[in-house]
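What follows is protein-v1.pdb (PDB, C-alpha atoms and all ligand atoms).
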```
ATOM      1  CA  MET A   1       0.000   0.000   0.000  1.00  0.00           C
ATOM      2  CA  ARG A   2       1.020   3.614  -0.502  1.00  0.00           C
ATOM      3  CA  ILE A   3      -0.169   6.872   0.992  1.00  0.00           C
ATOM      4  CA  GLY A   4      -0.124  10.234  -0.760  1.00  0.00           C
ATOM      5  CA  LEU A   5      -0.479  13.812   0.448  1.00  0.00           C
ATOM      6  CA  GLY A   6      -1.492  16.802  -1.649  1.00  0.00           C
ATOM      7  CA  TYR A   7      -1.822  20.535  -1.040  1.00  0.00           C
ATOM      8  CA  ASP A   8      -2.707  23.481  -3.253  1.00  0.00           C
ATOM      9  CA  MET A   9      -3.744  27.122  -3.004  1.00  0.00           C
ATOM     10  CA  HIS A  10      -5.088  29.620  -5.537  1.00  0.00           C
ATOM     11  CA  ALA A  11      -5.920  33.327  -5.269  1.00  0.00           C
ATOM     12  CA  PHE A  12      -9.392  34.694  -5.934  1.00  0.00           C
ATOM     13  CA  GLN A  13      -9.830  36.772  -9.074  1.00  0.00           C
ATOM     14  CA  GLN A  14     -12.849  38.797 -10.203  1.00  0.00           C
ATOM     15  CA  GLY A  15     -14.574  37.607 -13.346  1.00  0.00           C
ATOM     16  CA  ARG A  16     -13.473  33.983 -13.058  1.00  0.00           C
ATOM     17  CA  ALA A  17     -15.837  31.037 -12.499  1.00  0.00           C
ATOM     18  CA  LEU A  18     -15.452  29.333  -9.121  1.00  0.00           C
ATOM     19  CA  VAL A  19     -14.978  25.631  -9.874  1.00  0.00           C
ATOM     20  CA  LEU A  20     -14.491  23.253  -6.948  1.00  0.00           C
ATOM     21  CA  GLY A  21     -14.662  19.485  -7.251  1.00  0.00           C
ATOM     22  CA  GLY A  22     -15.869  20.055 -10.804  1.00  0.00           C
ATOM     23  CA  VAL A  23     -18.900  22.040  -9.618  1.00  0.00           C
ATOM     24  CA  THR A  24     -19.377  25.650 -10.723  1.00  0.00           C
ATOM     25  CA  ILE A  25     -20.406  27.474  -7.563  1.00  0.00           C
ATOM     26  CA  PRO A  26     -22.271  30.804  -7.666  1.00  0.00           C
ATOM     27  CA  SER A  27     -19.721  33.453  -6.596  1.00  0.00           C
ATOM     28  CA  GLU A  28     -18.608  36.984  -7.481  1.00  0.00           C
ATOM     29  CA  SER A  29     -15.082  35.766  -8.096  1.00  0.00           C
ATOM     30  CA  GLY A  30     -13.369  32.535  -8.971  1.00  0.00           C
ATOM     31  CA  LEU A  31      -9.857  31.192  -8.539  1.00  0.00           C
ATOM     32  CA  ALA A  32      -7.000  32.408 -10.721  1.00  0.00           C
ATOM     33  CA  GLY A  33      -5.033  29.796 -12.612  1.00  0.00           C
ATOM     34  CA  HIS A  34      -3.946  28.383 -15.959  1.00  0.00           C
ATOM     35  CA  SER A  35      -6.584  25.624 -15.877  1.00  0.00           C
ATOM     36  CA  ASP A  36     -10.018  26.031 -14.279  1.00  0.00           C
ATOM     37  CA  ALA A  37      -8.016  26.403 -11.008  1.00  0.00           C
ATOM     38  CA  ASP A  38     -10.007  23.692  -9.212  1.00  0.00           C
ATOM     39  CA  VAL A  39      -7.875  23.745  -6.084  1.00  0.00           C
ATOM     40  CA  LEU A  40      -9.601  20.708  -4.564  1.00  0.00           C
ATOM     41  CA  VAL A  41      -8.970  18.460  -7.564  1.00  0.00           C
ATOM     42  CA  HIS A  42      -5.384  19.784  -7.837  1.00  0.00           C
ATOM     43  CA  ALA A  43      -4.615  18.762  -4.247  1.00  0.00           C
ATOM     44  CA  LEU A  44      -6.205  15.363  -4.857  1.00  0.00           C
ATOM     45  CA  MET A  45      -4.206  14.759  -8.061  1.00  0.00           C
ATOM     46  CA  ASP A  46      -0.970  15.633  -6.279  1.00  0.00           C
ATOM     47  CA  ALA A  47      -1.849  13.160  -3.512  1.00  0.00           C
ATOM     48  CA  LEU A  48      -2.509  10.405  -6.083  1.00  0.00           C
ATOM     49  CA  LEU A  49       0.696  11.141  -8.007  1.00  0.00           C
ATOM     50  CA  GLY A  50       2.596  11.275  -4.712  1.00  0.00           C
ATOM     51  CA  ALA A  51       1.333   7.835  -3.707  1.00  0.00           C
ATOM     52  CA  MET A  52       2.370   6.484  -7.122  1.00  0.00           C
ATOM     53  CA  ARG A  53       5.791   8.207  -6.726  1.00  0.00           C
ATOM     54  CA  SER A  54       5.051   9.654 -10.129  1.00  0.00           C
ATOM     55  CA  GLY A  55       6.062  13.295  -9.803  1.00  0.00           C
ATOM     56  CA  ASP A  56       3.470  16.031  -9.381  1.00  0.00           C
ATOM     57  CA  ILE A  57       0.824  17.903 -11.357  1.00  0.00           C
ATOM     58  CA  GLY A  58       3.295  20.624 -12.338  1.00  0.00           C
ATOM     59  CA  GLU A  59       5.302  17.950 -14.120  1.00  0.00           C
ATOM     60  CA  HIS A  60       2.342  16.148 -15.726  1.00  0.00           C
ATOM     61  CA  PHE A  61       0.320  19.245 -16.644  1.00  0.00           C
ATOM     62  CA  PRO A  62       2.749  22.213 -16.904  1.00  0.00           C
ATOM     63  CA  ASP A  63       1.073  25.629 -16.684  1.00  0.00           C
ATOM     64  CA  THR A  64       3.315  26.789 -19.531  1.00  0.00           C
ATOM     65  CA  ASP A  65       1.576  24.345 -21.905  1.00  0.00           C
ATOM     66  CA  PRO A  66      -1.253  26.056 -23.848  1.00  0.00           C
ATOM     67  CA  ALA A  67      -2.981  22.643 -24.099  1.00  0.00           C
ATOM     68  CA  PHE A  68      -3.948  22.991 -20.435  1.00  0.00           C
ATOM     69  CA  ALA A  69      -5.253  26.584 -20.636  1.00  0.00           C
ATOM     70  CA  GLY A  70      -8.769  26.677 -19.178  1.00  0.00           C
ATOM     71  CA  VAL A  71      -8.898  22.888 -19.077  1.00  0.00           C
ATOM     72  CA  SER A  72     -11.305  21.144 -16.700  1.00  0.00           C
ATOM     73  CA  SER A  73      -9.328  19.705 -13.804  1.00  0.00           C
ATOM     74  CA  LEU A  74     -11.746  16.761 -13.787  1.00  0.00           C
ATOM     75  CA  ASP A  75     -10.370  15.852 -17.223  1.00  0.00           C
ATOM     76  CA  LEU A  76      -6.852  16.006 -15.785  1.00  0.00           C
ATOM     77  CA  LEU A  77      -8.039  13.783 -12.926  1.00  0.00           C
ATOM     78  CA  ALA A  78      -9.262  11.248 -15.508  1.00  0.00           C
ATOM     79  CA  HIS A  79      -5.692  11.242 -16.944  1.00  0.00           C
ATOM     80  CA  VAL A  80      -4.306  10.528 -13.477  1.00  0.00           C
ATOM     81  CA  ALA A  81      -6.869   7.707 -13.063  1.00  0.00           C
ATOM     82  CA  GLU A  82      -5.684   6.241 -16.373  1.00  0.00           C
ATOM     83  CA  LEU A  83      -2.075   6.419 -15.215  1.00  0.00           C
ATOM     84  CA  MET A  84      -3.040   4.668 -11.965  1.00  0.00           C
ATOM     85  CA  MET A  85      -4.655   1.851 -13.912  1.00  0.00           C
ATOM     86  CA  ARG A  86      -1.682   1.540 -16.285  1.00  0.00           C
ATOM     87  CA  GLU A  87       0.742   1.341 -13.377  1.00  0.00           C
ATOM     88  CA  GLY A  88      -1.410  -1.191 -11.503  1.00  0.00           C
ATOM     89  CA  TRP A  89      -2.756   0.936  -8.655  1.00  0.00           C
ATOM     90  CA  LYS A  90      -6.286   1.151  -7.258  1.00  0.00           C
ATOM     91  CA  LEU A  91      -7.687   3.765  -4.918  1.00  0.00           C
ATOM     92  CA  ILE A  92      -8.660   2.418  -1.504  1.00  0.00           C
ATOM     93  CA  ASP A  93      -9.674   5.738   0.043  1.00  0.00           C
ATOM     94  CA  ALA A  94      -9.312   9.506  -0.306  1.00  0.00           C
ATOM     95  CA  ASP A  95     -10.160  12.382   1.982  1.00  0.00           C
ATOM     96  CA  THR A  96      -9.912  16.103   1.302  1.00  0.00           C
ATOM     97  CA  VAL A  97     -10.359  19.420   3.100  1.00  0.00           C
ATOM     98  CA  LEU A  98     -11.198  22.652   1.356  1.00  0.00           C
ATOM     99  CA  VAL A  99     -10.045  25.761   3.266  1.00  0.00           C
ATOM    100  CA  MET A 100     -12.029  28.832   2.279  1.00  0.00           C
ATOM    101  CA  GLU A 101     -13.876  31.670   4.001  1.00  0.00           C
ATOM    102  CA  SER A 102     -16.764  31.967   1.553  1.00  0.00           C
ATOM    103  CA  PRO A 103     -18.993  31.076  -0.193  1.00  0.00           C
ATOM    104  CA  LYS A 104     -20.291  28.085   1.746  1.00  0.00           C
ATOM    105  CA  VAL A 105     -19.846  24.910  -0.258  1.00  0.00           C
ATOM    106  CA  ALA A 106     -21.794  22.405   1.853  1.00  0.00           C
ATOM    107  CA  PRO A 107     -24.773  22.326  -0.581  1.00  0.00           C
ATOM    108  CA  PHE A 108     -22.403  21.240  -3.379  1.00  0.00           C
ATOM    109  CA  ARG A 109     -20.440  18.616  -1.484  1.00  0.00           C
ATOM    110  CA  ALA A 110     -22.399  15.579  -2.698  1.00  0.00           C
ATOM    111  CA  GLU A 111     -21.985  16.665  -6.314  1.00  0.00           C
ATOM    112  CA  MET A 112     -18.230  17.233  -5.836  1.00  0.00           C
ATOM    113  CA  ARG A 113     -17.818  13.746  -4.349  1.00  0.00           C
ATOM    114  CA  ALA A 114     -19.821  12.210  -7.199  1.00  0.00           C
ATOM    115  CA  ASN A 115     -17.763  14.064  -9.861  1.00  0.00           C
ATOM    116  CA  ILE A 116     -14.481  12.909  -8.341  1.00  0.00           C
ATOM    117  CA  ALA A 117     -15.629   9.312  -7.750  1.00  0.00           C
ATOM    118  CA  CYS A 118     -16.898   9.100 -11.331  1.00  0.00           C
ATOM    119  CA  ARG A 119     -13.551  10.229 -12.813  1.00  0.00           C
ATOM    120  CA  LEU A 120     -11.625   7.841 -10.588  1.00  0.00           C
ATOM    121  CA  GLY A 121     -14.006   4.952 -11.264  1.00  0.00           C
ATOM    122  CA  VAL A 122     -14.677   4.264  -7.583  1.00  0.00           C
ATOM    123  CA  ASP A 123     -17.707   4.214  -5.309  1.00  0.00           C
ATOM    124  CA  VAL A 124     -18.593   7.678  -3.970  1.00  0.00           C
ATOM    125  CA  ASP A 125     -18.173   6.269  -0.458  1.00  0.00           C
ATOM    126  CA  ARG A 126     -14.399   6.230  -1.034  1.00  0.00           C
ATOM    127  CA  ILE A 127     -14.207  10.004  -1.590  1.00  0.00           C
ATOM    128  CA  GLY A 128     -14.352  12.416   1.339  1.00  0.00           C
ATOM    129  CA  VAL A 129     -14.874  16.156   0.866  1.00  0.00           C
ATOM    130  CA  LYS A 130     -14.970  18.499   3.828  1.00  0.00           C
ATOM    131  CA  ALA A 131     -14.761  22.269   4.129  1.00  0.00           C
ATOM    132  CA  THR A 132     -13.489  24.568   6.835  1.00  0.00           C
ATOM    133  CA  THR A 133     -12.678  28.221   7.416  1.00  0.00           C
ATOM    134  CA  THR A 134      -9.700  29.671   9.285  1.00  0.00           C
ATOM    135  CA  GLU A 135     -11.771  32.087  11.377  1.00  0.00           C
ATOM    136  CA  GLY A 136     -10.489  35.121   9.527  1.00  0.00           C
ATOM    137  CA  LEU A 137      -6.834  34.183   9.939  1.00  0.00           C
ATOM    138  CA  ASP A 138      -4.280  33.888   7.103  1.00  0.00           C
ATOM    139  CA  ALA A 139      -4.812  34.484   3.379  1.00  0.00           C
ATOM    140  CA  THR A 140      -7.801  32.145   3.100  1.00  0.00           C
ATOM    141  CA  GLY A 141      -9.363  33.731   6.179  1.00  0.00           C
ATOM    142  CA  ARG A 142      -8.993  37.183   4.600  1.00  0.00           C
ATOM    143  CA  GLY A 143     -10.785  35.863   1.534  1.00  0.00           C
ATOM    144  CA  GLU A 144      -7.719  36.238  -0.681  1.00  0.00           C
ATOM    145  CA  GLY A 145      -7.788  32.660  -1.881  1.00  0.00           C
ATOM    146  CA  ALA A 146      -8.759  29.064  -1.296  1.00  0.00           C
ATOM    147  CA  ALA A 147      -6.588  26.112  -0.293  1.00  0.00           C
ATOM    148  CA  ALA A 148      -7.094  22.367  -0.239  1.00  0.00           C
ATOM    149  CA  HIS A 149      -5.466  19.354   1.398  1.00  0.00           C
ATOM    150  CA  ALA A 150      -5.869  15.739   0.294  1.00  0.00           C
ATOM    151  CA  VAL A 151      -4.718  12.339   1.508  1.00  0.00           C
ATOM    152  CA  VAL A 152      -5.097   9.067  -0.375  1.00  0.00           C
ATOM    153  CA  LEU A 153      -4.426   5.387   0.172  1.00  0.00           C
ATOM    154  CA  LEU A 154      -3.573   3.219  -2.847  1.00  0.00           C
ATOM    155  CA  ASP A 155      -3.069  -0.509  -3.144  1.00  0.00           C
ATOM    156  CA  ARG A 156      -1.802  -2.730  -5.921  1.00  0.00           C
ATOM    157  CA  ALA A 157      -4.709  -3.559  -8.245  1.00  0.00           C
TER     158      ALA A 157
HETATM  159 MG    MG B 201      -3.304  24.356  -8.527  1.00  0.00          MG
END
```

Would you mind writing the file out in structure tokens?
Ligand code: MG
Amino acid sequence: MRIGLGYDMHAFQQGRALVLGGVTIPSESGLAGHSDADVLVHALMDALLGAMRSGDIGEHFPDTDPAFAGVSSLDLLAHVAELMMREGWKLIDADTVLVMESPKVAPFRAEMRANIACRLGVDVDRIGVKATTTEGLDATGRGEGAAAHAVVLLDRA
């Protein structure tokens, strides 16, 4: 078995769509980034790649490559799932935490879990998505951005 840990953070930017776990959430601003800046899926992909000892998302999906401009991070997650299958790994469990002051994402959590589980080809029960705030502290607390943490457990398929 292998464990993997992932972390990511993106700044808020006016006029961008807020996409988290593949769900577009009503918001005045979204996250800045080369792709759709889905910070939750980015942290999860880094955790999966970490467990596979297969580099990181910067290496697999460089933000200097125009092919990844505006791309859906769920599509990138499907690539990671394919790589897992090719290399003989299966996902046992994944848990994530989204760190963000607002908006509240609880109403969208089930859809995020379903999106992620679907792309990874696992039961939704294996995907955890939680959200927290930092009580006004740090950059996320000041509403400057959103961060995400992810841990995964893989086993040989
Ligand atoms: Mg990122």

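Distances to Leu154 (chain A) were evaluated for A:Ala94, A:Val71, A:Leu77, A:Ala32 using only C-alpha atoms, and the minimum falls at A:Ala94.
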
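Proximity to ligand MG 201 (chain B) was assessed for A:Gly30, A:Thr24, A:Thr132, A:Met45 counting only C-alpha atoms and all ligand atoms; the smallest distance is recorded for A:Met45.
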
List the neighbours of region 133-140 of chain A out to 7 Å using only C-alpha atoms; skip same-chain residues closer than 3 positions along the sequence, and give me the result as a PyMOL selection string. chain A and resi 99-101+143-146

Counting all atoms listed in the file, what is within 7 Å of region 112-120 of chain A, bar same-chain residues fewer than 2 positions away, as a ChimeraX atom specification? /A:21-23,74,77-78,81,108-110,122-124,127-129

Would you write out, as JSON lines, a table of all residues in chain A that have an atom no more than 10 Å from an atom of ligand MG 201 (chain B), listing for each the closest atom pair and the distance in Å to one decimal, considering only C-alpha atoms and all ligand atoms and ordering rows by chain and rising residue number?
```
{"residue": "A:Tyr7", "atom": "CA", "partner": "B:MG201", "partner_atom": "MG", "distance": 8.5}
{"residue": "A:Asp8", "atom": "CA", "partner": "B:MG201", "partner_atom": "MG", "distance": 5.4}
{"residue": "A:Met9", "atom": "CA", "partner": "B:MG201", "partner_atom": "MG", "distance": 6.2}
{"residue": "A:His10", "atom": "CA", "partner": "B:MG201", "partner_atom": "MG", "distance": 6.3}
{"residue": "A:Ala11", "atom": "CA", "partner": "B:MG201", "partner_atom": "MG", "distance": 9.9}
{"residue": "A:Leu31", "atom": "CA", "partner": "B:MG201", "partner_atom": "MG", "distance": 9.5}
{"residue": "A:Ala32", "atom": "CA", "partner": "B:MG201", "partner_atom": "MG", "distance": 9.1}
{"residue": "A:Gly33", "atom": "CA", "partner": "B:MG201", "partner_atom": "MG", "distance": 7.0}
{"residue": "A:His34", "atom": "CA", "partner": "B:MG201", "partner_atom": "MG", "distance": 8.5}
{"residue": "A:Ser35", "atom": "CA", "partner": "B:MG201", "partner_atom": "MG", "distance": 8.1}
{"residue": "A:Asp36", "atom": "CA", "partner": "B:MG201", "partner_atom": "MG", "distance": 9.0}
{"residue": "A:Ala37", "atom": "CA", "partner": "B:MG201", "partner_atom": "MG", "distance": 5.7}
{"residue": "A:Asp38", "atom": "CA", "partner": "B:MG201", "partner_atom": "MG", "distance": 6.8}
{"residue": "A:Val39", "atom": "CA", "partner": "B:MG201", "partner_atom": "MG", "distance": 5.2}
{"residue": "A:Leu40", "atom": "CA", "partner": "B:MG201", "partner_atom": "MG", "distance": 8.3}
{"residue": "A:Val41", "atom": "CA", "partner": "B:MG201", "partner_atom": "MG", "distance": 8.2}
{"residue": "A:His42", "atom": "CA", "partner": "B:MG201", "partner_atom": "MG", "distance": 5.1}
{"residue": "A:Ala43", "atom": "CA", "partner": "B:MG201", "partner_atom": "MG", "distance": 7.2}
{"residue": "A:Met45", "atom": "CA", "partner": "B:MG201", "partner_atom": "MG", "distance": 9.7}
{"residue": "A:Asp46", "atom": "CA", "partner": "B:MG201", "partner_atom": "MG", "distance": 9.3}
{"residue": "A:Ile57", "atom": "CA", "partner": "B:MG201", "partner_atom": "MG", "distance": 8.2}
{"residue": "A:Gly58", "atom": "CA", "partner": "B:MG201", "partner_atom": "MG", "distance": 8.5}
{"residue": "A:Asp63", "atom": "CA", "partner": "B:MG201", "partner_atom": "MG", "distance": 9.3}
{"residue": "A:Ser73", "atom": "CA", "partner": "B:MG201", "partner_atom": "MG", "distance": 9.3}
{"residue": "A:Ala147", "atom": "CA", "partner": "B:MG201", "partner_atom": "MG", "distance": 9.0}
{"residue": "A:Ala148", "atom": "CA", "partner": "B:MG201", "partner_atom": "MG", "distance": 9.3}
```

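Coordinates place CA of Lys104 (chain A) at a distance of 17.7 Å from CA of Gln14 (chain A).
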
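Checking A:Leu18, A:Thr96, A:Met85, A:Gly121 one by one against Ser72 (chain A), counting only C-alpha atoms, you find the shortest gap at A:Leu18.
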
Using Å and a single decimal, report how far CA of Ala150 (chain A) sits from CA of Arg2 (chain A). 14.0 Å

Under the rule that only C-alpha atoms are counted, which of A:Ile25, A:Val151, A:Ala157, A:Met52 is the nearest residue to Gly6 (chain A)? A:Val151

Would you compute the distance between CA of Lys130 (chain A) and CA of Phe61 (chain A)? Give it in Å to one decimal. 25.6 Å

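Evaluating the PyMOL selection byres (((chain A and resi 53) around 12) and not hetatm) against the shown model yields Arg2, Ile3, Gly4, Leu5, Asp46, Ala47, Leu48, Leu49, Gly50, Ala51, Met52, Ser54, Gly55, Asp56, Ile57, Leu83, Met84, Glu87, Trp89 and Leu154 of chain A.
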